[in-house]
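*Asks:* The structure that follows is given in the form of structure tokens.
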Amino acid sequence: MSLVGLSAAEMRRRVAAREVSCDELVRAHLDRLTGVEPRIGALLLPLADRALEKARSQDRALAEGKEAGPLAGVPVVVKDLLDIADVPTTCGSRILEGYRPPFTATAIARLEAAGAIVIGKSNMDEFAMGSSTENSAYQHTKNPWDPTRVPGGSSGGSAAAVAAGIAPVALGSDTGGSIRQPAAFCGVVGLKPSYGRVSRYGLVAFASSLDQIGPLARTVDDVARVTSVLSGHDPLDSTSSDAEVPDFAAGLEDVPDGLRVGVPWSFLSEGVEPETLARFRESLKALETAGASLVEVGLPHLRHAIATYYIVATAEASSNLARYDGVRYGRRAPGAEGLRAMYGQSRDEGFGDEVKRRIILGTFVLSSGYYDAYYLRAQKVRTLIRRDFEQAFEACDVVATPTTPTPAFGVGEKTDDPLQMYLEDVFTVPANLAGIPGLSLPCGLAGGLPVGLQLLGRPFDEATLLRCGAAFQRATDHHELRPPGY
Amino acid sequence: MVRVTVDTVEHVARLAHLSLTDEEKALFARQLDEVLAYAEAIQGLDTSDVPPMRHALAGGGLRDDVPREGLGRERVLEDAPDRADGLFRVPRIIGG
């Protein structure tokens with residue numbers, strides 16, 4: 001059997017047993033990339049030479065008796081907002097053209113220390129702002145299930161790469177759904193860990209109170225293994241938590257006793273496409289069959305989550321993106337007269353429309369006269385949303401929703417209407433606002449396209465989410481589906 | 001009610017150091033007005049006794065202030081679009 005399509009766990013097993021070399025694994029996936037990439041456009045930067053060098057040095061170390069790491073030989077793709085020293089980071093933006101960071105993200109350093117091999121950097125919406133990867137300044141990524149559909153976003157390249165077998169594992173980042181929504185649209189698993197679970201050192205910041213790095217893969221087991229590697233306190237990120245990191249892959253066989261799944265039916269009544277809703281109802285049945293009991297939960301303030309999110313996130317973004325000024329790195333507009341003009345022109349040329357729109361909105365909601373009415377009020381509503389979840393988790397252990405209200409939409413369908421694009425995130429943004437973990441699982445097809453089941457958990461209780469997800473994958477075979485032609 | 005006009009966008013763009021074209025200003029005014037009209041719903045909530053949530057983690061905070069090696073001037077300047085004499089060079093600021 002081909003090496004492409006194996007789980008990361010199986011690849012690691014074979015490497016540890018010396019049945020396959022890291023070099024063979026990397027070559028097989030680079031060949032896969034060459035074969036499928038013209039149809040998808042998942043990567044902004046393949047790293048073939050670097051990957052082969054890392055593979056050979058790991059093979060030498062293994063031959064000398066070094067113990068295989070928990071991800072030994074596993075090829076991974078990382079979203080192009082994670083820094084690797086001396087390798088370009090674009091963040092999907094022209095404004096970072098030419099930038100080669102002098103440091104490596106902790107998430108990547110941990111993956112590599114565990115034996116994983118980065119084979120490329122994936123396409124994304126510029127500065128992770130978008131839900132379709134159409135806001136990349138460089139290329140469009142196609143959904144492997146249907147090239148006329150978007151792969152979702154902003155981690156669209158990472159999700160498409162996993163769906164197309166370019167790598168068994170990818171890293172994304174999730175500020176309002178940017179791991180879970182593309183995972184759902186491409187038919188793979190995606191986890192947004194709890195806020196604080198994974199160090200963000202070396203992650204390009206979008207909205208610092210919401211951003212979180214997480215994995216995408218085909219199986220819950222692989223997601224669990226990668227999450228254990230990524231998690232834990234990092235002295236280089238003071239927002240990373242020192243909460244204990246369990247071995248998430250151990251104990252996936254156990255369905256938590258008396259597991260209660262909460263369903264916020266009144267929130268879902270705001271509009272889910274009928275086939276997507278049908279897949280969701282079937283998924284709830286599967287969870288019941290696996291031993292869970294269903295309860296209804298209220299979550300009354302979630303209907304305000306989108307408004308709250310787009311105020312908080314843009315405010316933080318306008319501040320974070322102030323650093324791109326054409327002075328220290330990245331693009332500078334040539335020939336500007338004076339410093340202020342150089343700032344303004346560099347930023348106008350360097351940022352795309354969606355980024356400018358969000359900088360304007362974020363600056364507006366923070367500006368004198370509007371701060372209390374918008375930003376401060378949104379932060380208070382955020383508290384109400386957090387309390388909603390605290391209350392819900394007294395009655396249940398996980399909350400279930402569809403990941404998205406519809407399957408993947410068409411290329412170009414929502415690019416002219418930012419509000420419609422924002423409403424796509426209705427089910428995913430609450431987790432970021434509350435700081436809780438969220439897992440998206442493939443739960444079947446709607447109109448021939450994948451849709452996702454989202455499970456939300458208590459802060460730092462990824463273990464329950466992953467166990468619940470593993471039980472779902474034992475009870476169903478949706479994760480075995482492959483895009484036609486792949 | 002119009003919340004965002006072209007004048008608002010111009011004002012905010014100045015604050016954010018963005019030089020926008022006239023087309024961009026008109027487009028963003030219309031689109032941001034729509035977004036803020038949508039966001040209007042949260043104005044109706046009673047939040048008088050609700051504290052603002054700035055962060056999802058309580059506590060956290062400050063590390064010890066321990067000196068350590070920086071990245072090094074040469075390496076950092078390598079990424080600069082313009083540099084001279086070990087410094088970032090920018091257009092004239094005073095007397096220009």
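Labels for the structure tokens follow display order: chains A, B, ..., residues from 1 in each chain, ligands from 1.
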Could the residues of chain A that have an atom at most 8 Å from chain B be listed as CSV, each with its closest atom pair and the distance in Å to one decimal, counting only C-alpha atoms and ordered by chain and ascending residue number?
*Replies:*
```
residue,atom,partner,partner_atom,distance
A:Gly98,CA,B:Asp79,CA,7.4
A:Tyr99,CA,B:Asp79,CA,5.8
A:Arg100,CA,B:Asp79,CA,6.6
A:Pro101,CA,B:Asp79,CA,7.9
A:Pro102,CA,B:Arg75,CA,7.0
A:Tyr195,CA,B:Ala56,CA,6.5
A:Gly196,CA,B:Leu57,CA,7.2
A:Ser209,CA,B:His55,CA,5.4
A:Pro235,CA,B:Arg63,CA,7.7
A:Ser238,CA,B:Gly61,CA,6.1
A:Thr239,CA,B:Gly60,CA,6.2
A:Ser241,CA,B:Gly60,CA,7.5
A:His304,CA,B:Ile42,CA,6.5
A:Ala307,CA,B:Ala39,CA,4.6
A:Thr308,CA,B:Ala39,CA,7.4
A:Ser318,CA,B:Ala16,CA,7.6
A:Ala322,CA,B:Ala16,CA,7.3
A:Gly326,CA,B:Pro81,CA,7.0
A:Val327,CA,B:Ala80,CA,6.4
A:Arg328,CA,B:Ala80,CA,4.6
A:Tyr329,CA,B:Ala80,CA,4.4
A:Gly330,CA,B:Pro81,CA,6.6
A:Arg331,CA,B:Pro81,CA,6.7
A:Arg332,CA,B:Pro81,CA,6.4
A:Ala336,CA,B:Pro91,CA,7.7
A:Glu337,CA,B:Pro91,CA,7.0
A:Gly338,CA,B:Pro91,CA,5.1
A:Leu339,CA,B:Pro91,CA,5.2
A:Arg340,CA,B:His17,CA,7.3
A:Ala341,CA,B:Ser19,CA,7.8
A:Met342,CA,B:Pro91,CA,7.5
A:Tyr343,CA,B:His17,CA,6.2
A:Gly344,CA,B:Leu18,CA,4.4
A:Gln345,CA,B:Ser19,CA,5.7
A:Arg347,CA,B:Leu18,CA,5.9
A:Asp348,CA,B:Ser19,CA,5.6
A:Lys356,CA,B:Leu18,CA,7.9
A:Arg357,CA,B:Phe28,CA,6.3
A:Ile359,CA,B:Ala16,CA,7.2
A:Ile360,CA,B:Val12,CA,6.2
A:Leu361,CA,B:Leu32,CA,6.7
A:Thr363,CA,B:Val12,CA,6.3
A:Phe364,CA,B:Val12,CA,6.0
A:Ser367,CA,B:Val12,CA,7.9
A:Ala373,CA,B:Gln43,CA,7.3
A:Leu376,CA,B:Pro52,CA,6.6
A:Arg377,CA,B:Thr47,CA,7.4
A:Ala378,CA,B:Ile42,CA,7.4
A:Gln379,CA,B:Pro52,CA,4.6
A:Lys380,CA,B:Pro52,CA,4.1
A:Val381,CA,B:Thr47,CA,7.2
A:Arg382,CA,B:Met53,CA,6.0
A:Thr383,CA,B:Met53,CA,5.3
A:Leu384,CA,B:Val50,CA,7.6
A:Asp417,CA,B:Gln31,CA,7.7
A:Pro418,CA,B:Gln31,CA,7.1
A:Leu419,CA,B:Val35,CA,5.9
A:Leu433,CA,B:Ala56,CA,7.5
A:Ala434,CA,B:Ala56,CA,6.3
A:Gly435,CA,B:Ala56,CA,5.0
```
*Asks:* Could you state the separation of CA of Val150 (chain A) and CA of Gly271 (chain A) in Å, given to one decimal place?
*Replies:* 20.6 Å
*Asks:* Ranking A:Gly335, A:Gly457, A:Gly258, A:Gly469 by minimum distance to Leu441 (chain A) and counting only C-alpha atoms, which one comes first?
*Replies:*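 Among A:Gly335, A:Gly457, A:Gly258, A:Gly469, it is A:Gly469 that comes nearest to Leu441 (chain A).
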*Asks:* Which is closest to Arg323 (chain A) among A:Ala205, A:Ile117, A:Arg56, A:Val398, if we use only C-alpha atoms?
*Replies:*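 Using only C-alpha atoms, the shortest distance to Arg323 (chain A) belongs to A:Ala205.
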*Asks:* Quick check for you: according to DSSP on this backbone, which residues of region 45-283 of chain A are classed as strand (DSSP E or B)? Reply as a VMD selection string.
*Replies:* chain A and resid 45 to 46 75 to 79 82 84 87 117 to 122 143 146 149 169 to 173 189 to 192 198 203 213 to 217 231 234 237 260 to 263
